[in-house]
Structures are given as structure tokens and as C-alpha cells.
file input_31.cif (mmCIF, C-alpha atoms (C1' of nucleotides))
data_work
#
loop_
_atom_site.label_atom_id
_atom_site.label_comp_id
_atom_site.auth_asym_id
_atom_site.auth_seq_id
_atom_site.Cartn_x
_atom_site.Cartn_y
_atom_site.Cartn_z
CA MET A 1 -10.05 -13.80 13.80
CA MET A 2 -10.65 -12.02 10.53
CA ALA A 3 -14.17 -10.75 10.17
CA SER A 4 -14.84 -12.14 6.72
CA ASP A 5 -17.08 -9.25 5.80
CA VAL A 6 -14.08 -6.95 6.11
CA TRP A 7 -11.81 -8.27 3.40
CA LYS A 8 -14.61 -8.64 0.88
CA GLU A 9 -15.30 -4.91 0.99
CA TYR A 10 -12.27 -4.56 -1.26
CA GLU A 11 -14.34 -5.35 -4.33
CA SER A 12 -17.33 -3.32 -3.23
CA ASN A 13 -15.68 0.01 -3.81
CA GLU A 14 -17.32 2.97 -5.42
CA ILE A 15 -14.73 2.93 -8.17
CA SER A 16 -11.87 0.71 -9.27
CA HIS A 17 -8.29 1.73 -9.84
CA SER A 18 -8.87 1.68 -13.58
CA VAL A 19 -11.98 3.85 -13.37
CA ALA A 20 -10.21 6.28 -11.07
CA HIS A 21 -7.54 6.87 -13.69
CA HIS A 22 -9.95 7.10 -16.58
CA LEU A 23 -11.77 9.84 -14.70
CA THR A 24 -8.67 11.71 -13.59
CA ALA A 25 -7.29 11.46 -17.12
CA ILE A 26 -10.36 13.29 -18.42
CA HIS A 27 -9.88 15.91 -15.72
CA GLU A 28 -6.23 16.47 -16.57
CA LEU A 29 -6.86 16.49 -20.30
CA MET A 30 -9.50 19.16 -19.84
CA GLY A 31 -6.86 21.23 -18.09
CA ASP A 32 -4.03 20.50 -20.52
CA LEU A 33 -5.81 20.41 -23.87
CA GLY A 34 -9.19 21.89 -23.04
CA TYR A 35 -10.94 18.75 -24.24
CA ALA A 36 -10.89 14.99 -23.87
CA ARG A 37 -11.90 12.37 -26.40
CA VAL A 38 -11.68 8.59 -26.20
CA SER A 39 -8.37 8.61 -28.05
CA ASP A 40 -6.92 11.25 -25.76
CA VAL A 41 -7.80 9.21 -22.70
CA ALA A 42 -6.35 6.09 -24.30
CA ARG A 43 -3.11 7.91 -25.11
CA ALA A 44 -2.84 9.38 -21.64
CA LEU A 45 -3.29 5.99 -20.00
CA GLU A 46 -1.29 4.13 -22.67
CA ILE A 47 -4.04 1.65 -23.39
CA THR A 48 -5.76 0.91 -26.70
CA ARG A 49 -8.64 3.00 -27.92
CA GLY A 50 -10.82 -0.09 -27.84
CA SER A 51 -10.26 -0.61 -24.13
CA ALA A 52 -10.85 3.03 -23.36
CA SER A 53 -13.97 3.03 -25.50
CA LEU A 54 -15.50 0.17 -23.54
CA THR A 55 -14.60 1.52 -20.13
CA LEU A 56 -15.84 5.00 -20.99
CA LYS A 57 -19.07 3.60 -22.38
CA ALA A 58 -19.67 2.01 -18.99
CA LEU A 59 -18.85 5.29 -17.26
CA LYS A 60 -21.31 7.12 -19.47
CA ALA A 61 -23.91 4.53 -18.52
CA ARG A 62 -23.09 5.13 -14.84
CA GLY A 63 -23.53 8.84 -15.35
CA LEU A 64 -19.97 9.77 -14.40
CA VAL A 65 -19.01 10.91 -17.91
CA VAL A 66 -21.11 12.78 -20.43
CA GLU A 67 -20.56 13.00 -24.16
CA ASP A 68 -20.72 15.96 -26.45
CA HIS A 69 -22.72 15.99 -29.66
CA ASN A 70 -19.30 15.47 -31.26
CA LYS A 71 -17.91 12.67 -29.06
CA PHE A 72 -16.17 15.07 -26.70
CA LEU A 73 -16.12 13.81 -23.13
CA LYS A 74 -16.74 15.70 -19.93
CA LEU A 75 -17.07 14.76 -16.29
CA SER A 76 -20.55 14.88 -14.84
CA GLU A 77 -21.20 16.45 -11.47
CA ASP A 78 -20.79 13.04 -9.82
CA GLY A 79 -17.67 12.33 -11.85
CA ARG A 80 -16.16 15.62 -10.86
CA ARG A 81 -16.91 14.96 -7.21
CA ILE A 82 -15.17 11.58 -7.40
CA VAL A 83 -12.12 13.03 -9.13
CA ASP A 84 -11.87 15.75 -6.48
CA SER A 85 -11.88 13.21 -3.68
CA ILE A 86 -9.31 11.02 -5.42
CA LEU A 87 -6.93 13.86 -6.19
CA ALA A 88 -7.22 15.20 -2.66
CA LYS A 89 -6.39 11.80 -1.19
CA ARG A 90 -3.52 11.29 -3.61
CA ALA A 91 -2.05 14.68 -2.79
CA VAL A 92 -2.23 14.30 0.95
CA VAL A 93 -0.89 10.74 0.94
CA ARG A 94 1.95 11.70 -1.38
CA LYS A 95 2.80 14.65 0.80
CA PHE A 96 2.79 12.53 3.92
CA LEU A 97 4.96 9.79 2.43
CA ASN A 98 7.41 12.16 0.82
CA GLU A 99 7.68 15.12 3.19
CA VAL A 100 7.08 13.40 6.50
CA LEU A 101 8.22 9.82 6.10
CA LYS A 102 10.95 11.00 3.70
CA LEU A 103 10.32 8.37 1.06
CA ASP A 104 11.68 9.33 -2.34
CA GLU A 105 9.26 11.06 -4.66
CA HIS A 106 8.76 8.17 -7.02
CA GLN A 107 7.96 5.74 -4.24
CA ALA A 108 5.58 8.24 -2.68
CA GLU A 109 3.90 8.80 -6.03
CA VAL A 110 3.49 5.10 -6.71
CA ASP A 111 2.14 4.21 -3.27
CA ALA A 112 -0.21 7.17 -3.21
CA CYS A 113 -1.49 6.20 -6.63
CA LYS A 114 -2.17 2.67 -5.42
CA VAL A 115 -4.25 3.60 -2.40
CA GLU A 116 -5.91 6.85 -3.44
CA HIS A 117 -9.16 5.22 -4.56
CA LEU A 118 -9.35 2.85 -1.59
CA LEU A 119 -9.25 5.23 1.35
CA SER A 120 -12.53 6.34 2.85
CA ALA A 121 -13.51 9.98 2.88
CA GLN A 122 -13.11 9.95 6.65
CA THR A 123 -9.57 8.67 6.41
CA GLY A 124 -8.71 11.22 3.77
CA GLY A 125 -10.11 14.06 5.83
CA GLN A 126 -8.42 13.04 9.05
CA LEU A 127 -5.12 12.51 7.28
CA LEU A 128 -5.41 15.96 5.79
CA HIS A 129 -5.94 17.52 9.20
CA PHE A 130 -2.99 15.56 10.52
CA VAL A 131 -0.53 16.41 7.77
CA HIS A 132 -1.66 20.00 7.69
CA PHE A 133 -0.91 20.44 11.37
CA LEU A 134 2.27 18.39 11.13
CA LEU A 135 3.71 20.56 8.37
CA SER A 136 2.45 23.85 9.79
CA ASP A 137 4.65 26.38 11.51
CA ASP A 138 3.35 25.30 14.91
CA PRO A 139 6.47 24.97 17.08
CA THR A 140 5.34 21.73 18.68
CA ALA A 141 4.84 20.15 15.28
CA GLN A 142 8.19 21.40 14.05
CA GLN A 143 9.97 20.13 17.13
CA PHE A 144 8.29 16.79 16.84
CA LEU A 145 9.28 16.43 13.20
CA ALA A 146 12.84 17.46 13.92
CA GLU A 147 13.14 14.81 16.60
CA PHE A 148 11.58 12.17 14.42
CA TRP A 149 13.91 12.89 11.54
CA SER A 150 16.94 12.88 13.77
CA LYS A 151 15.87 9.49 15.08
CA LEU A 152 15.52 8.28 11.51
CA ASP A 153 19.10 9.30 10.84
CA GLN A 154 20.27 7.44 13.91
CA ASN A 155 19.32 4.36 11.99
CA GLU A 156 17.67 2.56 14.84
CA GLU A 157 16.70 -0.41 12.76
CA TRP A 158 14.34 -3.27 13.13
CA GLN A 159 14.53 -5.93 10.51
CA TRP A 160 11.48 -5.58 8.36
CA PRO A 161 8.98 -7.15 8.38
CA VAL A 162 8.67 -7.01 12.14
CA GLN A 163 7.33 -10.29 13.48
CA ASP A 164 4.88 -8.84 15.97
CA VAL A 165 4.13 -5.16 15.63
CA ASP A 166 1.84 -5.07 18.65
CA GLN A 167 4.62 -6.40 20.82
CA LEU A 168 6.82 -3.57 19.63
CA PHE A 169 4.20 -1.17 20.93
CA ASN A 170 4.21 -2.75 24.41
CA LEU A 171 0.84 -4.38 24.02
CA GLU A 172 -0.91 -2.11 26.53
CA SER A 173 -1.47 0.87 24.27
CA ARG A 174 -5.18 0.18 23.90
CA MET B 175 1.04 15.22 -16.05
CA MET B 176 0.61 11.64 -14.93
CA ALA B 177 3.60 9.49 -15.65
CA SER B 178 1.74 6.62 -17.27
CA ASP B 179 4.18 4.04 -15.98
CA VAL B 180 3.12 4.93 -12.46
CA TRP B 181 -0.51 3.96 -12.47
CA LYS B 182 0.09 0.71 -14.31
CA GLU B 183 2.27 -0.56 -11.47
CA TYR B 184 -0.96 -1.27 -9.66
CA GLU B 185 -1.33 -4.58 -11.46
CA SER B 186 2.32 -5.51 -11.20
CA ASN B 187 2.21 -6.29 -7.52
CA GLU B 188 3.87 -9.23 -5.88
CA ILE B 189 0.52 -10.44 -4.66
CA SER B 190 -3.13 -9.55 -5.14
CA HIS B 191 -5.64 -8.75 -2.45
CA SER B 192 -7.15 -12.19 -2.89
CA VAL B 193 -3.83 -13.99 -2.58
CA ALA B 194 -2.92 -11.93 0.47
CA HIS B 195 -6.00 -13.17 2.26
CA HIS B 196 -5.63 -16.76 1.18
CA LEU B 197 -2.14 -16.72 2.67
CA THR B 198 -3.08 -14.94 5.88
CA ALA B 199 -6.06 -17.28 6.27
CA ILE B 200 -3.69 -20.24 6.27
CA HIS B 201 -1.53 -18.48 8.82
CA GLU B 202 -4.44 -17.76 11.14
CA LEU B 203 -5.92 -21.22 10.75
CA MET B 204 -2.61 -22.72 11.73
CA GLY B 205 -2.79 -20.67 14.89
CA ASP B 206 -6.45 -21.30 15.63
CA LEU B 207 -6.91 -24.91 14.57
CA GLY B 208 -3.37 -26.09 14.18
CA TYR B 209 -4.00 -27.00 10.56
CA ALA B 210 -5.42 -25.60 7.34
CA ARG B 211 -7.09 -27.47 4.52
CA VAL B 212 -8.74 -26.16 1.37
CA SER B 213 -12.16 -26.28 3.02
CA ASP B 214 -10.94 -24.43 6.08
CA VAL B 215 -9.56 -21.63 3.95
CA ALA B 216 -12.78 -21.48 1.94
CA ARG B 217 -14.84 -21.28 5.13
CA ALA B 218 -12.61 -18.60 6.62
CA LEU B 219 -12.84 -16.45 3.49
CA GLU B 220 -16.49 -17.32 2.83
CA ILE B 221 -15.88 -18.46 -0.72
CA THR B 222 -16.64 -21.82 -2.29
CA ARG B 223 -14.26 -24.73 -1.96
CA GLY B 224 -13.88 -24.74 -5.73
CA SER B 225 -12.60 -21.19 -5.79
CA ALA B 226 -10.21 -21.80 -2.92
CA SER B 227 -9.01 -25.00 -4.57
CA LEU B 228 -8.07 -23.18 -7.77
CA THR B 229 -6.39 -20.23 -6.08
CA LEU B 230 -4.46 -22.50 -3.72
CA LYS B 231 -3.37 -24.70 -6.59
CA ALA B 232 -1.83 -21.62 -8.19
CA LEU B 233 -0.16 -20.70 -4.89
CA LYS B 234 1.31 -24.19 -4.62
CA ALA B 235 2.63 -23.79 -8.16
CA ARG B 236 4.18 -20.46 -7.14
CA GLY B 237 5.83 -22.14 -4.16
CA LEU B 238 4.06 -20.02 -1.54
CA VAL B 239 1.99 -22.91 -0.15
CA VAL B 240 3.04 -26.51 0.34
CA GLU B 241 0.79 -29.51 0.71
CA ASP B 242 0.97 -32.36 3.14
CA HIS B 243 0.81 -35.99 2.07
CA ASN B 244 -2.77 -35.71 3.33
CA LYS B 245 -3.84 -32.44 1.67
CA PHE B 246 -2.93 -30.35 4.67
CA LEU B 247 -1.66 -26.92 3.69
CA LYS B 248 1.28 -25.00 5.08
CA LEU B 249 3.03 -21.77 4.21
CA SER B 250 6.41 -22.08 2.58
CA GLU B 251 9.33 -19.93 3.66
CA ASP B 252 8.44 -17.40 0.99
CA GLY B 253 4.76 -17.57 1.88
CA ARG B 254 5.55 -16.97 5.51
CA ARG B 255 7.73 -14.00 4.64
CA ILE B 256 4.91 -12.46 2.62
CA VAL B 257 2.37 -13.00 5.37
CA ASP B 258 4.70 -11.41 7.89
CA SER B 259 5.10 -8.30 5.78
CA ILE B 260 1.36 -8.05 5.16
CA LEU B 261 0.39 -8.47 8.78
CA ALA B 262 3.01 -5.96 9.88
CA LYS B 263 1.72 -3.38 7.41
CA ARG B 264 -1.88 -4.07 8.38
CA ALA B 265 -1.10 -3.69 12.07
CA VAL B 266 0.81 -0.46 11.74
CA VAL B 267 -1.71 1.12 9.39
CA ARG B 268 -4.61 0.09 11.61
CA LYS B 269 -2.82 1.49 14.64
CA PHE B 270 -2.13 4.77 12.89
CA LEU B 271 -5.67 5.20 11.62
CA ASN B 272 -7.31 4.21 14.88
CA GLU B 273 -5.01 5.50 17.61
CA VAL B 274 -3.59 8.57 15.91
CA LEU B 275 -6.20 9.73 13.42
CA LYS B 276 -8.96 8.52 15.77
CA LEU B 277 -10.98 6.72 13.13
CA ASP B 278 -13.33 4.13 14.55
CA GLU B 279 -11.98 0.61 14.75
CA HIS B 280 -14.06 -0.81 11.95
CA GLN B 281 -13.09 1.91 9.52
CA ALA B 282 -9.44 1.51 10.49
CA GLU B 283 -9.68 -2.23 10.01
CA VAL B 284 -11.32 -1.94 6.61
CA ASP B 285 -8.93 0.67 5.25
CA ALA B 286 -5.87 -1.13 6.58
CA CYS B 287 -7.11 -4.33 4.99
CA LYS B 288 -7.49 -2.59 1.66
CA VAL B 289 -4.00 -1.17 1.45
CA GLU B 290 -1.91 -3.70 3.35
CA HIS B 291 -0.77 -5.59 0.26
CA LEU B 292 -0.12 -2.45 -1.80
CA LEU B 293 2.34 -0.58 0.37
CA SER B 294 6.02 -1.03 -0.34
CA ALA B 295 8.33 -2.46 2.29
CA GLN B 296 9.97 0.96 2.56
CA THR B 297 6.68 2.65 3.27
CA GLY B 298 5.77 0.02 5.84
CA GLY B 299 9.09 0.39 7.60
CA GLN B 300 9.04 4.17 7.67
CA LEU B 301 5.46 4.23 8.88
CA LEU B 302 6.39 1.85 11.65
CA HIS B 303 9.22 4.12 12.80
CA PHE B 304 6.86 7.07 12.67
CA VAL B 305 3.97 5.54 14.58
CA HIS B 306 6.32 3.97 17.09
CA PHE B 307 7.85 7.31 17.94
CA LEU B 308 4.50 9.06 17.81
CA LEU B 309 2.95 6.71 20.35
CA SER B 310 6.02 6.45 22.56
CA ASP B 311 6.39 8.18 25.90
CA ASP B 312 8.62 10.82 24.37
CA PRO B 313 7.28 14.12 25.76
CA THR B 314 7.56 15.91 22.43
CA ALA B 315 5.50 13.22 20.75
CA GLN B 316 2.92 13.28 23.50
CA GLN B 317 2.64 17.03 23.42
CA PHE B 318 2.28 17.00 19.68
CA LEU B 319 -0.47 14.41 19.79
CA ALA B 320 -2.29 16.27 22.55
CA GLU B 321 -2.27 19.44 20.49
CA PHE B 322 -3.37 17.64 17.36
CA TRP B 323 -6.28 15.98 19.11
CA SER B 324 -7.39 19.20 20.71
CA LYS B 325 -7.37 20.81 17.29
CA LEU B 326 -9.48 17.96 16.00
CA ASP B 327 -12.05 18.61 18.71
CA GLN B 328 -12.12 22.29 17.81
CA ASN B 329 -13.76 21.12 14.63
CA GLU B 330 -11.85 23.35 12.28
CA GLU B 331 -13.52 21.99 9.19
CA TRP B 332 -12.76 22.05 5.53
CA GLN B 333 -15.41 20.65 3.31
CA TRP B 334 -14.07 17.39 1.99
CA PRO B 335 -12.91 16.79 -0.64
CA VAL B 336 -10.71 19.85 -0.60
CA GLN B 337 -10.43 21.38 -4.06
CA ASP B 338 -6.71 22.04 -4.02
CA VAL B 339 -4.74 20.39 -1.28
CA ASP B 340 -1.45 21.97 -2.32
CA GLN B 341 -2.97 25.39 -1.97
CA LEU B 342 -3.99 24.51 1.56
CA PHE B 343 -0.33 23.84 2.31
CA ASN B 344 0.72 27.28 1.03
CA LEU B 345 2.46 25.90 -2.03
CA GLU B 346 5.95 26.74 -0.80
CA SER B 347 6.47 23.74 1.45
CA ARG B 348 8.91 22.06 -0.89
"C1'" DA C 349 -11.04 11.86 -57.02
"C1'" DA C 350 -7.68 9.11 -54.67
"C1'" DC C 351 -5.12 8.55 -50.70
"C1'" DC C 352 -3.82 8.57 -45.98
"C1'" DA C 353 -4.28 9.49 -41.01
"C1'" DT C 354 -7.18 9.75 -37.17
"C1'" DT C 355 -11.04 8.48 -34.62
"C1'" DG C 356 -14.48 5.52 -32.41
"C1'" DT C 357 -16.57 1.01 -32.12
"C1'" DT C 358 -17.01 -3.88 -32.16
"C1'" DT C 359 -15.44 -8.54 -31.97
"C1'" DT C 360 -12.42 -11.99 -30.28
"C1'" DG C 361 -9.32 -13.65 -26.91
"C1'" DC C 362 -6.81 -13.45 -22.60
"C1'" DT C 363 -6.14 -13.51 -17.28
"C1'" DA C 364 -7.65 -13.23 -12.42
"C1'" DA C 365 -11.12 -14.27 -9.33
"C1'" DT C 366 -15.23 -15.71 -8.27
"C1'" DA C 367 -19.92 -18.94 -8.19
"C1'" DA C 368 -22.37 -23.04 -9.21
"C1'" DA C 369 -22.77 -27.62 -10.04
"C1'" DA C 370 -21.27 -32.17 -10.79
"C1'" DC C 371 -18.26 -35.74 -9.38
"C1'" DA C 372 -15.17 -38.98 -6.81
"C1'" DA C 373 -13.06 -40.27 -2.47
"C1'" DC C 374 -13.12 -40.73 2.20
"C1'" DT C 375 -15.31 -40.87 7.00
"C1'" DG C 376 -18.64 -41.94 10.59
"C1'" DG C 377 -23.06 -43.80 12.34
"C1'" DT C 378 -26.43 -47.09 12.35
"C1'" DA D 379 -23.29 -52.94 4.49
"C1'" DC D 380 -25.47 -48.87 3.77
"C1'" DC D 381 -26.42 -44.05 4.04
"C1'" DA D 382 -25.08 -39.40 4.95
"C1'" DG D 383 -21.80 -35.82 5.39
"C1'" DT D 384 -17.35 -33.80 4.31
"C1'" DT D 385 -13.67 -33.01 1.35
"C1'" DG D 386 -11.14 -31.86 -2.87
"C1'" DT D 387 -11.29 -31.29 -7.81
"C1'" DT D 388 -13.00 -30.14 -12.30
"C1'" DT D 389 -16.00 -27.99 -15.53
"C1'" DT D 390 -18.84 -24.21 -16.95
"C1'" DA D 391 -20.03 -19.46 -16.60
"C1'" DT D 392 -19.52 -14.62 -15.12
"C1'" DT D 393 -17.25 -10.08 -14.47
"C1'" DA D 394 -13.51 -6.50 -14.95
"C1'" DG D 395 -9.91 -5.05 -17.59
"C1'" DC D 396 -6.91 -5.27 -21.01
"C1'" DA D 397 -4.83 -6.31 -26.25
"C1'" DA D 398 -5.31 -7.09 -31.03
"C1'" DA D 399 -7.55 -6.70 -35.10
"C1'" DA D 400 -11.07 -5.49 -38.17
"C1'" DC D 401 -14.25 -2.04 -39.51
"C1'" DA D 402 -16.65 2.38 -40.58
"C1'" DA D 403 -16.64 7.37 -40.53
"C1'" DT D 404 -14.38 11.61 -40.83
"C1'" DG D 405 -10.91 15.01 -42.42
"C1'" DG D 406 -7.06 16.68 -44.85
"C1'" DT D 407 -3.52 16.43 -48.75
"C1'" DT D 408 -2.21 16.00 -53.14
#
call {"tool": "encode", "arguments": {"input": "input_31.cif", "output": "C-alpha cells"}}
result
Amino acid sequence: MMASDVWKEYESNEISHSVAHHLTAIHELMGDLGYARVSDVARALEITRGSASLTLKALKARGLVVEDHNKFLKLSEDGRRIVDSILAKRAVVRKFLNEVLKLDEHQAEVDACKVEHLLSAQTGGQLLHFVHFLLSDDPTAQQFLAEFWSKLDQNEEWQWPVQDVDQLFNLESR
Amino acid sequence: MMASDVWKEYESNEISHSVAHHLTAIHELMGDLGYARVSDVARALEITRGSASLTLKALKARGLVVEDHNKFLKLSEDGRRIVDSILAKRAVVRKFLNEVLKLDEHQAEVDACKVEHLLSAQTGGQLLHFVHFLLSDDPTAQQFLAEFWSKLDQNEEWQWPVQDVDQLFNLESR
DNA sequence: AACCATTGTTTTGCTAATAAAACAACTGGT
DNA sequence: ACCAGTTGTTTTATTAGCAAAACAATGGTT
């Protein structure tokens, strides 16, 4: 039975996908150009200036973005904190998908981009610990990865989607 | 530099979060009650009948839901296929977060629910292979997990979010 | 000065997903 | 037969996020 309070938490996120990319665009523009204006954000995201203007106005009202005396944008302390957490999650998810699960880079990039703003801080932190150990020079980790990859090559295939995943795991693993 | 075609793929998904849960609600109601009507879906999702009626009308138009001569709903072949892929992704992600990363069950449930409809079939399949091997009785997998968990307990902590994840991985891991 | 490009904003309209409320149709109890 | 409850739909309104278009302000070129 689905706890109905679970699926509704999707909307009650700190930030939306759109907001996440408005904020990260400002961050990247500050690095690339040294500044970020409404038009620069709009260009980076390939949306109209009007759309960016409205979204950024809301972000200024929320205190995530601050504006110069000359319409130059900057991340606030809170905005910077959010961008850091998003970029960290994106990086670790991309790394996991690409370097562990061996998905091609574009697929890893796309999927990481889709989930980066949805994962909790706990999940991001635990995943970071996991991937860090997995890709370290620890011999156990390296042996494990080698065996996993060799199994991948052996093409032991289920047809996806699997009907009952729990059954595949022998049911008693709880 | 963000490839701007990447982040826009977020909207171009086969199904939305809302649609995913309308479909899975029908699936679960069929199992629990043996039938599923508009009101049953609305109750299960805790939304109004009006909202469910409109969304389900669109799903009928898309051919994912079919309607009885007496307003009883059923998944079509396509709808069933989508539900299968969603439930499989949800199950494997939940299992990974809870049983590998040791996140509490509620957090695992919530995060899995958020990303289930966003992951590609490739990602779902690869993650299934990975978790299946990781939780198998293969001694290498078990040893790896034991070491990982012991490291977790040792509380080697970064402050999250980590500023530069790539730096943490020594940069040269590609 | 006249012109043009760029910038930022505002207004209007669109879609998806919801709530709220009104309504019609059916069902069951008395 | 009547009343009450349930069901499904429609209409109206809201919010987030976009486009398109109009507009004003600035800045540079000739």
C-alpha cells in the first residue's frame, strides 16, 4: 500500500528543477564570465529573457539571488549553499552511473541532471561515501568492481523491466 | 559548460510524476480491491475526484488506461508496461538506498519515489545488475559490503555538501 | 542627432496539475 | 416514494514554467 504522504513530497521540494538550473547557471557564469545578468542566464538556459526575468525575480524575493546596483546577479549565501549541494549530487551520481554502472557519458549526464535536485542530503552523502570507497585503490573494492564488470560482459540478461524485483532477490533479504 | 539540451530533457519524459502514480494506483487497486474506479484512484492518491477524472481522461486518450462499460478502469498493455518499469526501478532504488547505503526506510522510499519515473531503462537495468550482485552471496561482494559498512561506522566525515567532488576523487580517475 | 543593438520588464497566452464547487446519475435504506 | 450517499463530470480558479510580443532604458556607431 502506498503511503499517500510519500508521493506528494515530490512537489514539496526545496527547489524545482528549473530553479536548480537558474541557480547553477549563475554559478557557472560567474566562473566563466565573471558576472551574470538576466540575459546571460537566459542565454545559458536557452529560454527567453522574459522567462528568466520572472523566475529570477522570484529567486530574489526568496533571498537566493541578490542584485547589484547595476542589475548584476549574484548568489546569496543560501543560494550558494543550494548550488553546492546540487553540484555535489550531480557529480557523484554522474560518476556512479558512468564509471561504475558503465552507462555512456551522455546518459549518465542526463539522468544525473534529472535527479540531482531531488535526492536528500543524506542520500547524497551516503552515495558519496560509497562511490569514493568503490573507486578507491582498496583491493577489495577493486576486486569487487572487476568481478562485477566481468559479469556485465557475460551478458547475463533479464528482460527489462523485471516483473518482480523482490523475487529476483530471493525475498528473504530483509 | 552545461549542454543546454541536457537539462531541458527533464520535461520531455514519457510520463510525469503525477501520471506515474495514477497508473501505479490503478495497478495496486486492482491487486487490493480487484477493481479501480476514478473515485478509488482519487482516494488512493488523496486528490479530488475532479482532478483524477481529468488526468485519467487524458490517460484514456493516450491509450494507457481503458474503461469498462461501467466506468471501471484497467491498464492497457502500454500502461502495464510502464507500471512494470516504474515499479522495478522503484524497488531496485529503494533496495539500494536502504540495504546498501543504509538510509532509513522512509528516506529510501521517498527518494526512490521521486526518481523512479526519471531514470532511463538502461540505468534501471544496470542498477539492477549491480545491486543483485552486490547483495548476492558472492564472497567478494560480501567482503566489499562488510568493509564499506565498517568504514561508514568509523564516521570518516566530510562536511556535506562537498565543495569539489572531483577533487575528492583525485581528478585522475578517468 | 539619428540609428541600431542589447538589456530588462511586463503583459498575454499556453500547458500540466491541482482544488473547489456545482451538477447529474445511480444506489440503498426506510 | 423519498431521502441520503456515492460516483463521475464539468467549470472556474490557482500555481509553476515557459513563449511571444511589446515596451522602455541604455550604449555605441555613424
call {"tool": "residues_near_point", "arguments": {"input": "input_31.cif", "point": "(-19.6, -1.0, -32.9)", "cutoff": "10 Å", "atoms": "all atoms listed in the file", "output": "CSV table (one decimal) with C-alpha atoms (C1' of nucleotides), in the frame of the given file"}}
result
chain,number,residue,atom,x,y,z
C,356,DG,C1',-14.5,5.5,-32.4
C,357,DT,C1',-16.6,1.0,-32.1
C,358,DT,C1',-17.0,-3.9,-32.2
C,359,DT,C1',-15.4,-8.5,-32.0
D,401,DC,C1',-14.2,-2.0,-39.5
D,402,DA,C1',-16.6,2.4,-40.6
call {"tool": "interface_residues", "arguments": {"input": "input_31.cif", "of": "chain A", "to": "chain C", "cutoff": "8 Å", "atoms": "only C-alpha atoms (C1' of nucleotides)", "output": "list in words"}}
result
Val38, Ser39, Arg49, Gly50 and Ser53 of chain A
call {"tool": "write_last_selection", "arguments": {"input": "input_31.cif", "atoms": "C-alpha atoms", "output": "PDB file, keeping the file's coordinate frame"}}
result
ATOM      1  CA  VAL A  38     -11.680   8.590 -26.200  1.00  0.00           C
ATOM      2  CA  SER A  39      -8.370   8.610 -28.050  1.00  0.00           C
ATOM      3  CA  ARG A  49      -8.640   3.000 -27.920  1.00  0.00           C
ATOM      4  CA  GLY A  50     -10.820  -0.090 -27.840  1.00  0.00           C
ATOM      5  CA  SER A  53     -13.970   3.030 -25.500  1.00  0.00           C
TER       6      SER A  53
END
call {"tool": "interface_residues", "arguments": {"input": "input_31.cif", "of": "chain D", "to": "chain B", "cutoff": "8 Å", "atoms": "only C-alpha atoms (C1' of nucleotides)", "output": "PDB file with C-alpha atoms (C1' of nucleotides), in the coordinates of the input"}}
result
ATOM      1  C1'  DT D 385     -13.670 -33.010   1.350  1.00  0.00           C
ATOM      2  C1'  DG D 386     -11.140 -31.860  -2.870  1.00  0.00           C
ATOM      3  C1'  DT D 387     -11.290 -31.290  -7.810  1.00  0.00           C
TER       4       DT D 387
END
call {"tool": "resolve_selection", "arguments": {"input": "input_31.cif", "expression": "the PyMOL selection byres ((chain B and resi 229) around 12)", "output": "JSON, numbers by chain"}}
result
{"B": [190, 192, 193, 194, 195, 196, 197, 212, 215, 216, 221, 222, 223, 224, 225, 226, 227, 228, 230, 231, 232, 233, 234, 235, 236, 238, 239], "C": [364, 365, 366]}
call {"tool": "closest_residue", "arguments": {"input": "input_31.cif", "among": "A:Val92, A:Leu97, A:Pro161, A:Lys8", "to": "Ala295 in chain B", "atoms": "all atoms listed in the file"}}
result
A:Pro161
call {"tool": "closest_residue", "arguments": {"input": "input_31.cif", "among": "B:Asp242, B:Asp327, B:Glu279, B:Glu273", "to": "chain A", "atoms": "all atoms listed in the file"}}
result
B:Glu273
call {"tool": "resolve_selection", "arguments": {"input": "input_31.cif", "expression": "the PyMOL selection byres ((chain B and resi 202) around 12)", "output": "mmCIF file with C-alpha atoms, in the coordinates of the input"}}
result
data_model
loop_
_atom_site.group_PDB
_atom_site.id
_atom_site.type_symbol
_atom_site.label_atom_id
_atom_site.label_comp_id
_atom_site.auth_asym_id
_atom_site.auth_seq_id
_atom_site.Cartn_x
_atom_site.Cartn_y
_atom_site.Cartn_z
ATOM 1 C CA MET A 1 -10.050 -13.800 13.800
ATOM 2 C CA MET A 2 -10.650 -12.020 10.530
ATOM 3 C CA HIS B 195 -6.000 -13.170 2.260
ATOM 4 C CA HIS B 196 -5.630 -16.760 1.180
ATOM 5 C CA LEU B 197 -2.140 -16.720 2.670
ATOM 6 C CA THR B 198 -3.080 -14.940 5.880
ATOM 7 C CA ALA B 199 -6.060 -17.280 6.270
ATOM 8 C CA ILE B 200 -3.690 -20.240 6.270
ATOM 9 C CA HIS B 201 -1.530 -18.480 8.820
ATOM 10 C CA LEU B 203 -5.920 -21.220 10.750
ATOM 11 C CA MET B 204 -2.610 -22.720 11.730
ATOM 12 C CA GLY B 205 -2.790 -20.670 14.890
ATOM 13 C CA ASP B 206 -6.450 -21.300 15.630
ATOM 14 C CA LEU B 207 -6.910 -24.910 14.570
ATOM 15 C CA GLY B 208 -3.370 -26.090 14.180
ATOM 16 C CA TYR B 209 -4.000 -27.000 10.560
ATOM 17 C CA ALA B 210 -5.420 -25.600 7.340
ATOM 18 C CA ASP B 214 -10.940 -24.430 6.080
ATOM 19 C CA VAL B 215 -9.560 -21.630 3.950
ATOM 20 C CA ALA B 218 -12.610 -18.600 6.620
ATOM 21 C CA LEU B 219 -12.840 -16.450 3.490
ATOM 22 C CA LYS B 248 1.280 -25.000 5.080
ATOM 23 C CA LEU B 249 3.030 -21.770 4.210
ATOM 24 C CA ARG B 254 5.550 -16.970 5.510
ATOM 25 C CA VAL B 257 2.370 -13.000 5.370
ATOM 26 C CA ASP B 258 4.700 -11.410 7.890
ATOM 27 C CA LEU B 261 0.390 -8.470 8.780
#
